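Asker: If you scroll down you'll find the structure; I have some questions about it.
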Amino acid sequence: MATTRSAGDVATSVSSGLGSVPSSGSGNPGIRKLSTASGGGIAGGTAPSWQSCYYCTREQFKTISDFVNHLRNRHCTREGGSFVCRYGFNGVCASLPLDGVSDRDYDAHVAKYHVNQHTREMPPEWGVYSAAQNLPAVLNDPSRGKQSNLFTKKWGEHFVERSHVPPSPRLPDITHADFSVYLGSIGKRYRWHERRQQQLERDKPLENGAQTAPGPGSGAQTPTHLSSVPEIFLKSQLQLHHPATFKQVFPNYMQTSATSPETHQQTGRQLQEQLSHYLDMVEVKIAQQVSQKSAAFFHAMTTQHAILEEMEQAADQVRQLRTALAQLHSHSVVDSFKVLRFAQRRQHYNLTLDKLRLMATVHKTQPMLQLLLGTQDYVAALDLIGTTQEILSAELLGIHCFKHLPMQLSEMEKLIDKMLTTEFERYAAADLNRPLTDALRETDSVCAEEDKLVAIVMGLLRKQNFSFVQSYQQEAIATIRAIIKQLLIEVLSRSDSDQEISLTGHGEQALELTLPEWIALLLRSSQALVSILERIKTVVGIMQQTADAAVGAQDAVNLIDSEAFLSPGHHEQLRSQLQQLLQAVCHYCHERCANIVSPQSLEKSSASEQELCQLSDIVDQFGETTRSICGVASVPLQLALKVQASRYAQRFHSERKQKLSLLLDQERWRQVDIPHEFQRIIERMAAGDYAKPEMGNLISNGVGNPVLLVEGKQPYTLVSASLMLIRMLYEYGGSAHRLPLLASYHARNVVDLLRCFNSRSCQLIIGAGAMRVAGLKTITSTNLALVSRALQLVLWLLPKLREHFQAMSGYEAIERDYQGHIKEIENKIHGIVSERLAAQLEAWEARPPIPSQTFRHISRHLVKLHEAIAGVLPEAQIHEIYGVVHRNFKDKLREQLLKLNVNNNGGPQHGVVTSELTFYMETLRTLKALPADQLDNGILEEIWLY
């Protein structure tokens, strides 16, 4: 029996709490049922229902058991000990919806409703309404909406936690008081509207708002009023899992479950029709409520009068504004120019009188110029010429009596400019060529005729003639060249050389001098140049003070009576030129001294460290003086000194590297006693003290300690080559301490020396080169241990050397090379012993006597190894070597036990193995070759763990 719906309504399902109760109709989506055939099969076919699955495509079954297994695996869920059938549309079985049963009841359910069923549900046909919910269903419960997932669909929206959206700070807080004015104005109309609506509802017959719906027992029509809907369906929460609620929703349903299937099916259909009837009534009431919302449009019409009031106010304001503008225009315009008429006439009379007075003053210009030039007031003269020319071009233009005066003033200005240039050149030559004092240094460098220099420079600045700076620079360079040439002639005249003297154009000597003569020449030259530079600095200072006064600086000395005439731009340009002048002159002095430091004769000579220190002191002192004069450090002399220092450092390094290589080739790699002086060297290097000079050759002296103590507690057993290496490192550090200029060169050379020691010792010991070079018969473990100890001492010294030299390129690489060499030596030591132990174990068999000859030989090898390295290597390194030997021994012994098929079964062979291992461990305990926690009898159990 079908439920009749209106054309505008959309069919929907009952809420999830009532299950999936489908409705059928010709035009509505839902689940359609097929009529059953008389033979018990599906209408239109004879195939049993268990041969295929409606919800799994391409699933065919040959037997009933296959179909039942498919339902249990694909369409059944287990929740605890209960089984829930999911064989139906949307995973819900119509015969057993969302109820769990036992295993036996589930089999009975499948056999009754799915295997032997007479009617079968067809999959629903999908339509446009299947993808959405209709409007009455949404309005029925707006808080639920469309369920987002399985949990909200089954257990409600409160099961999923919702995020709280805070109120927006941009929206104002609206209260009831904001609507008081509006409610007062619209109240009458709204009450009239409400009375009208109530009257219309009373006049409207009840039959116009009702729909026909089938009754539960007959086809009679009933009114759609909510009073006919049971109150339980109108509650906000309908919980069917409560027995009382379920009984009210499905009255007498459980009592009819024991009756025949036809009676039970008829009861279910009646219940379905009754629930559909309730739903239709609710939908009709919702539609009526929606239609009543049209009254809200009357609200918008009531606000029209407010808009009209605002338009009237705006029109009044525009009218008032136009009136105010008209009043302002009519009262604010006055005649403001009548006052100037008489003042302009008086001004014309005054201008005429001033012009006549100015003409009388211009007539006196030439006599005044003669008077100013006679007193060397060049600035005042130039100011007078400039002022007169400005007056003639601006004030007295076109006056016939002054037509030749501008040309005369221009010629006079050119004459003054030439006079200033000549006077400045004459003054610069006379001041720079003054004789030097006996001490070659002027303690009080006072400029000669300072007032004359200020007047000349002030005049040149007034003419904006800045070429005098280049002229003074050229004169200063010529003076420096002459002083160097004169000093070189004096040195050559004192020398005992009978060779003919020849000088080049720059004052360089073409013959050879001794190194002390070159140093003396450099000393005298630096002193003389410092004296000249002091004079130049004084003159440049006076020029700068004059420029400051010309620009009108606040802290400058007032040297002129007129106003400032030098612009800030020109002042900055002149200051930069004067600074460049000082820098260029100081740079040239350094170049001339650099030519003295690095001629060919000095390159051929071998400077000692003392002479190099003397050169460094002269260069540093001269460099500091020039830097205090010009403000920047000059490079040429420092570069020349660094070239000499690099040659000395290279020669210093070559001698020691060659000596170390010869010592390593002759080394027998035997332990030597450590002289006391070497112990003191190590202590000084540890403290960073390289001030004391190195000692002589004390290696041949037999007095000393057998080991070298580092930091008072770490003993180092060394060979003679290691001692020489320590001495050489101390010499490098002492040389760098006495002459810091050599520190960077010595730092690189120390890394090269250490790399040479590492590679050469590796070739001699690891590569067995000592057997060919030094005549050793074999490379023993003692030799390897001594090399390892020497490398460890170098590793201990590396951080001290790096701290002393402050910059060692390649420090990390040399540290990695030494660590790798030490590791390679350790591998060589325990590799030799491990090979011998493995060779012994290959011939061993688990049989008496005990201990066997094999384990006696193994014990002897372990003892020999301990005797070879115990006095050389530290205890931790010995434990590490024996630890590797011990692991290799256990691995080889396991292989031999597997080969001999000896098992941990308590038999005779197992006892032999235990006795042998006990003897082996006793040897290790006697030697203390391993840490105490590894000397227990744990090997008796570990050896059987594969």
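Chain lettering (A, B, ...) mirrors the order of the structure tokens, residue numbering begins at 1 for each chain separately, and ligand numbering begins at 1 in order of display.
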Could you give me, as a list in words, the residues within 10 Å of region 449-456 of chain A, counting only C-alpha atoms and dropping anything in the same chain fewer than 6 positions from it?
Answerer: Gln376, Asp377, Tyr378, Val379, Met419, Leu420, Thr421, Thr422, Glu423, Phe424, Tyr427, Ala428, Asp431, Arg462, Val539, Ile542, Met543, Gln545, Thr546, Ala547, Leu559 and Ile560 of chain A
Asker: Please produce a file of the residues just selected, as a short mmCIF file (atom, residue, chain, number, x, y, z; two decimals), in the first residue's frame, where the atoms kept are N, CA, C and O atoms.
Answerer:
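Okay, this is what ended up in again17.cif:
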```cif
data_model
loop_
_atom_site.label_atom_id
_atom_site.label_comp_id
_atom_site.auth_asym_id
_atom_site.auth_seq_id
_atom_site.Cartn_x
_atom_site.Cartn_y
_atom_site.Cartn_z
N GLN A 376 100.82 92.41 0.94
CA GLN A 376 100.58 90.97 0.71
C GLN A 376 99.19 90.52 1.21
O GLN A 376 99.00 89.37 1.60
N ASP A 377 98.24 91.43 1.11
CA ASP A 377 96.86 91.07 1.44
C ASP A 377 96.16 90.70 0.13
O ASP A 377 95.36 91.46 -0.42
N TYR A 378 96.49 89.49 -0.35
CA TYR A 378 96.00 89.05 -1.65
C TYR A 378 94.48 88.82 -1.63
O TYR A 378 93.79 89.08 -2.62
N VAL A 379 93.97 88.36 -0.53
CA VAL A 379 92.54 88.08 -0.46
C VAL A 379 91.73 89.36 -0.55
O VAL A 379 90.73 89.44 -1.28
N MET A 419 101.39 85.64 -9.82
CA MET A 419 102.27 86.01 -8.70
C MET A 419 102.12 85.02 -7.54
O MET A 419 103.12 84.59 -6.93
N LEU A 420 100.88 84.61 -7.22
CA LEU A 420 100.66 83.65 -6.13
C LEU A 420 101.30 82.29 -6.42
O LEU A 420 101.92 81.68 -5.55
N THR A 421 101.16 81.81 -7.68
CA THR A 421 101.74 80.51 -8.04
C THR A 421 103.26 80.55 -7.92
O THR A 421 103.88 79.62 -7.37
N THR A 422 103.87 81.58 -8.40
CA THR A 422 105.34 81.67 -8.34
C THR A 422 105.81 81.77 -6.90
O THR A 422 106.79 81.11 -6.50
N GLU A 423 105.15 82.57 -6.09
CA GLU A 423 105.56 82.70 -4.70
C GLU A 423 105.41 81.37 -3.94
O GLU A 423 106.25 81.03 -3.10
N PHE A 424 104.35 80.61 -4.25
CA PHE A 424 104.17 79.34 -3.54
C PHE A 424 105.25 78.33 -3.92
O PHE A 424 105.80 77.63 -3.04
N TYR A 427 108.44 79.30 -2.19
CA TYR A 427 108.39 79.02 -0.75
C TYR A 427 108.52 77.51 -0.48
O TYR A 427 109.23 77.10 0.45
N ALA A 428 107.85 76.66 -1.27
CA ALA A 428 107.92 75.21 -1.05
C ALA A 428 109.33 74.68 -1.23
O ALA A 428 109.83 73.86 -0.42
N ASP A 431 111.50 75.80 1.79
CA ASP A 431 111.17 75.14 3.06
C ASP A 431 111.61 73.67 3.07
O ASP A 431 112.13 73.18 4.07
N ARG A 462 91.24 81.83 -2.65
CA ARG A 462 90.28 82.83 -3.11
C ARG A 462 90.12 82.78 -4.62
O ARG A 462 89.03 82.99 -5.14
N VAL A 539 103.34 71.74 7.07
CA VAL A 539 102.87 72.62 6.00
C VAL A 539 101.43 72.26 5.61
O VAL A 539 100.57 73.13 5.42
N ILE A 542 99.02 73.59 8.12
CA ILE A 542 98.76 75.02 7.96
C ILE A 542 97.79 75.26 6.80
O ILE A 542 96.88 76.09 6.87
N MET A 543 97.99 74.50 5.71
CA MET A 543 97.07 74.62 4.57
C MET A 543 95.64 74.24 4.98
O MET A 543 94.68 74.91 4.59
N GLN A 545 94.32 74.40 8.02
CA GLN A 545 93.79 75.45 8.88
C GLN A 545 93.33 76.66 8.07
O GLN A 545 92.29 77.28 8.35
N THR A 546 94.13 76.99 7.02
CA THR A 546 93.76 78.11 6.16
C THR A 546 92.44 77.82 5.44
O THR A 546 91.57 78.69 5.32
N ALA A 547 92.30 76.56 4.95
CA ALA A 547 91.05 76.19 4.27
C ALA A 547 89.87 76.22 5.23
O ALA A 547 88.76 76.63 4.85
N LEU A 559 91.76 83.69 10.39
CA LEU A 559 92.94 84.18 9.69
C LEU A 559 92.62 85.27 8.68
O LEU A 559 93.52 85.81 8.04
N ILE A 560 91.34 85.56 8.46
CA ILE A 560 90.95 86.57 7.48
C ILE A 560 89.97 87.53 8.14
O ILE A 560 89.30 87.19 9.11
#
```
Asker: Do you have the CA of Ala287 (chain A)-CA of Gln239 (chain A) distance handy?
Answerer: 27.0 Å
Asker: Choose the residue, out of A:Ala381, A:Leu515, A:Ile391, A:Ile483, that has the smallest atom-to-atom separation from Arg434 (chain A); count only C-alpha atoms.
Answerer: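 Selected residue with least distance to Arg434 (chain A): A:Ile483.
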Asker: I need the alpha helix (DSSP H) residues of region 227-271 of chain A per DSSP on the backbone, written as a list in words.
Answerer: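 DSSP-assigned alpha helix (DSSP H) residues in region 227-271 of chain A: Pro243, Ala244, Thr245, Phe246, Lys247, Gln248, Val249, Pro261, Glu262, Thr263, His264, Gln265, Gln266, Thr267, Gly268, Arg269, Gln270 and Leu271 of chain A.
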Asker: For the selection just defined, write its residues with all heavy atoms to a file, as a compact mmCIF listing (two decimals), in the first residue's frame.
Answerer:
```txt
# COMPACT_ATOMS: atom_id res chain seq x y z
N PRO A 243 13.85 0.43 26.45
CA PRO A 243 12.69 -0.47 26.22
C PRO A 243 11.35 0.28 26.28
O PRO A 243 10.46 -0.01 25.47
CB PRO A 243 12.82 -1.48 27.36
CG PRO A 243 14.26 -1.46 27.73
CD PRO A 243 14.72 -0.05 27.53
N ALA A 244 11.22 1.23 27.18
CA ALA A 244 9.94 1.94 27.30
C ALA A 244 9.65 2.74 26.03
O ALA A 244 8.52 2.74 25.50
CB ALA A 244 9.95 2.84 28.52
N THR A 245 10.67 3.44 25.53
CA THR A 245 10.49 4.21 24.30
C THR A 245 10.19 3.31 23.12
O THR A 245 9.32 3.60 22.27
CB THR A 245 11.76 5.05 24.03
OG1 THR A 245 12.05 5.83 25.17
CG2 THR A 245 11.56 5.97 22.85
N PHE A 246 10.89 2.21 23.02
CA PHE A 246 10.67 1.28 21.91
C PHE A 246 9.24 0.72 21.95
O PHE A 246 8.60 0.54 20.92
CB PHE A 246 11.71 0.16 21.99
CG PHE A 246 11.69 -0.77 20.80
CD1 PHE A 246 12.39 -0.43 19.65
CD2 PHE A 246 10.97 -1.94 20.81
CE1 PHE A 246 12.39 -1.27 18.55
CE2 PHE A 246 10.96 -2.77 19.72
CZ PHE A 246 11.68 -2.44 18.57
N LYS A 247 8.76 0.48 23.14
CA LYS A 247 7.39 -0.10 23.27
C LYS A 247 6.34 0.92 22.83
O LYS A 247 5.31 0.56 22.24
CB LYS A 247 7.17 -0.52 24.72
CG LYS A 247 5.84 -1.24 24.96
CD LYS A 247 5.75 -1.71 26.39
CE LYS A 247 4.41 -2.44 26.65
NZ LYS A 247 4.29 -2.90 28.05
N GLN A 248 6.59 2.22 23.11
CA GLN A 248 5.63 3.23 22.70
C GLN A 248 5.64 3.45 21.18
O GLN A 248 4.60 3.69 20.57
CB GLN A 248 5.92 4.56 23.40
CG GLN A 248 5.68 4.52 24.90
CD GLN A 248 5.96 5.88 25.55
OE1 GLN A 248 6.02 6.88 24.85
NE2 GLN A 248 6.09 5.89 26.87
N VAL A 249 6.83 3.37 20.59
CA VAL A 249 6.92 3.57 19.14
C VAL A 249 6.35 2.38 18.40
O VAL A 249 5.64 2.50 17.39
CB VAL A 249 8.38 3.83 18.75
CG1 VAL A 249 8.50 3.92 17.24
CG2 VAL A 249 8.86 5.14 19.36
N PRO A 261 4.63 -15.48 9.48
CA PRO A 261 5.33 -14.41 8.75
C PRO A 261 4.39 -13.47 8.04
O PRO A 261 4.65 -12.27 7.93
CB PRO A 261 6.21 -15.18 7.78
CG PRO A 261 6.39 -16.52 8.40
CD PRO A 261 5.10 -16.81 9.12
N GLU A 262 3.22 -14.00 7.51
CA GLU A 262 2.31 -13.12 6.79
C GLU A 262 1.70 -12.10 7.74
O GLU A 262 1.60 -10.88 7.43
CB GLU A 262 1.21 -13.93 6.11
CG GLU A 262 1.69 -14.81 4.95
CD GLU A 262 2.40 -16.07 5.45
OE1 GLU A 262 2.42 -16.29 6.68
OE2 GLU A 262 2.95 -16.83 4.61
N THR A 263 1.30 -12.53 8.93
CA THR A 263 0.72 -11.60 9.91
C THR A 263 1.77 -10.57 10.36
O THR A 263 1.47 -9.38 10.50
CB THR A 263 0.19 -12.38 11.13
OG1 THR A 263 -0.72 -13.36 10.66
CG2 THR A 263 -0.51 -11.45 12.10
N HIS A 264 2.98 -11.01 10.59
CA HIS A 264 4.06 -10.11 11.01
C HIS A 264 4.37 -9.07 9.93
O HIS A 264 4.59 -7.89 10.22
CB HIS A 264 5.32 -10.94 11.31
CG HIS A 264 6.46 -10.12 11.80
ND1 HIS A 264 6.47 -9.51 13.04
CD2 HIS A 264 7.61 -9.78 11.19
CE1 HIS A 264 7.57 -8.86 13.18
NE2 HIS A 264 8.31 -9.01 12.06
N GLN A 265 4.34 -9.49 8.68
CA GLN A 265 4.60 -8.56 7.58
C GLN A 265 3.48 -7.53 7.46
O GLN A 265 3.71 -6.36 7.20
CB GLN A 265 4.76 -9.36 6.28
CG GLN A 265 5.19 -8.49 5.10
CD GLN A 265 5.46 -9.34 3.88
OE1 GLN A 265 5.20 -10.54 3.90
NE2 GLN A 265 5.95 -8.71 2.82
N GLN A 266 2.20 -7.99 7.67
CA GLN A 266 1.06 -7.07 7.59
C GLN A 266 1.15 -6.01 8.69
O GLN A 266 0.87 -4.81 8.47
CB GLN A 266 -0.25 -7.87 7.72
CG GLN A 266 -1.50 -7.01 7.58
CD GLN A 266 -1.64 -6.45 6.17
OE1 GLN A 266 -1.08 -6.99 5.23
NE2 GLN A 266 -2.37 -5.35 6.02
N THR A 267 1.55 -6.42 9.90
CA THR A 267 1.69 -5.47 11.01
C THR A 267 2.76 -4.43 10.71
O THR A 267 2.62 -3.24 11.01
CB THR A 267 2.02 -6.23 12.31
OG1 THR A 267 1.01 -7.21 12.53
CG2 THR A 267 2.08 -5.28 13.48
N GLY A 268 3.88 -4.87 10.14
CA GLY A 268 4.96 -3.93 9.80
C GLY A 268 4.52 -2.93 8.76
O GLY A 268 4.91 -1.75 8.81
N ARG A 269 3.70 -3.36 7.80
CA ARG A 269 3.24 -2.41 6.78
C ARG A 269 2.30 -1.37 7.39
O ARG A 269 2.36 -0.18 7.06
CB ARG A 269 2.51 -3.16 5.68
CG ARG A 269 3.46 -4.00 4.80
CD ARG A 269 2.67 -4.85 3.82
NE ARG A 269 3.56 -5.63 2.98
CZ ARG A 269 3.13 -6.60 2.17
NH1 ARG A 269 1.85 -6.89 2.13
NH2 ARG A 269 3.99 -7.28 1.42
N GLN A 270 1.44 -1.81 8.28
CA GLN A 270 0.54 -0.84 8.92
C GLN A 270 1.33 0.19 9.72
O GLN A 270 1.02 1.40 9.71
CB GLN A 270 -0.46 -1.59 9.81
CG GLN A 270 -1.43 -2.46 9.05
CD GLN A 270 -2.35 -3.25 9.99
OE1 GLN A 270 -2.22 -3.13 11.20
NE2 GLN A 270 -3.27 -4.03 9.42
N LEU A 271 2.35 -0.29 10.45
CA LEU A 271 3.19 0.63 11.23
C LEU A 271 3.92 1.61 10.31
O LEU A 271 4.05 2.80 10.61
CB LEU A 271 4.18 -0.15 12.08
CG LEU A 271 5.11 0.68 12.96
CD1 LEU A 271 4.29 1.52 13.96
CD2 LEU A 271 6.09 -0.22 13.70
```
Asker: Just give me the gap between CA of Lys800 (chain A) and CA of Met724 (chain A) in Å, one decimal is fine.
Answerer: 17.7 Å
Asker: DSSP says strand (DSSP E) for which residues of region 49-124 of chain A? Put them as a PyMOL selection string?
Answerer: chain A and resi 76-79+82-85
Asker: Compare A:Arg196, A:His176, A:Arg802, A:His587 by their minimum atom-to-atom distance to Ala686 (chain A), counting only C-alpha atoms, and give me the closest one.
Answerer: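 Counting only C-alpha atoms, the residue closest to Ala686 (chain A) is A:Arg802.
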Asker: Which residue is closest to Gly704 (chain A)? Choose from A:Glu283, A:Ile726, A:Ile674, A:Leu321 and count only C-alpha atoms.
Answerer: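 For Gly704 (chain A), the nearest of the given residues is A:Ile674.
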Asker: Point out the residue among A:Val885, A:Ile682, A:Ile477, A:Val913 with the least atom-to-atom distance to Trp796 (chain A), counting only C-alpha atoms.
Answerer: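 Among A:Val885, A:Ile682, A:Ile477, A:Val913, it is A:Ile682 that comes nearest to Trp796 (chain A).
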Asker: Distance CA of Pro849 (chain A)-CA of Tyr920 (chain A), one decimal place?
Answerer: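 Computed distance, CA of Pro849 (chain A) to CA of Tyr920 (chain A), equals 14.6 Å.
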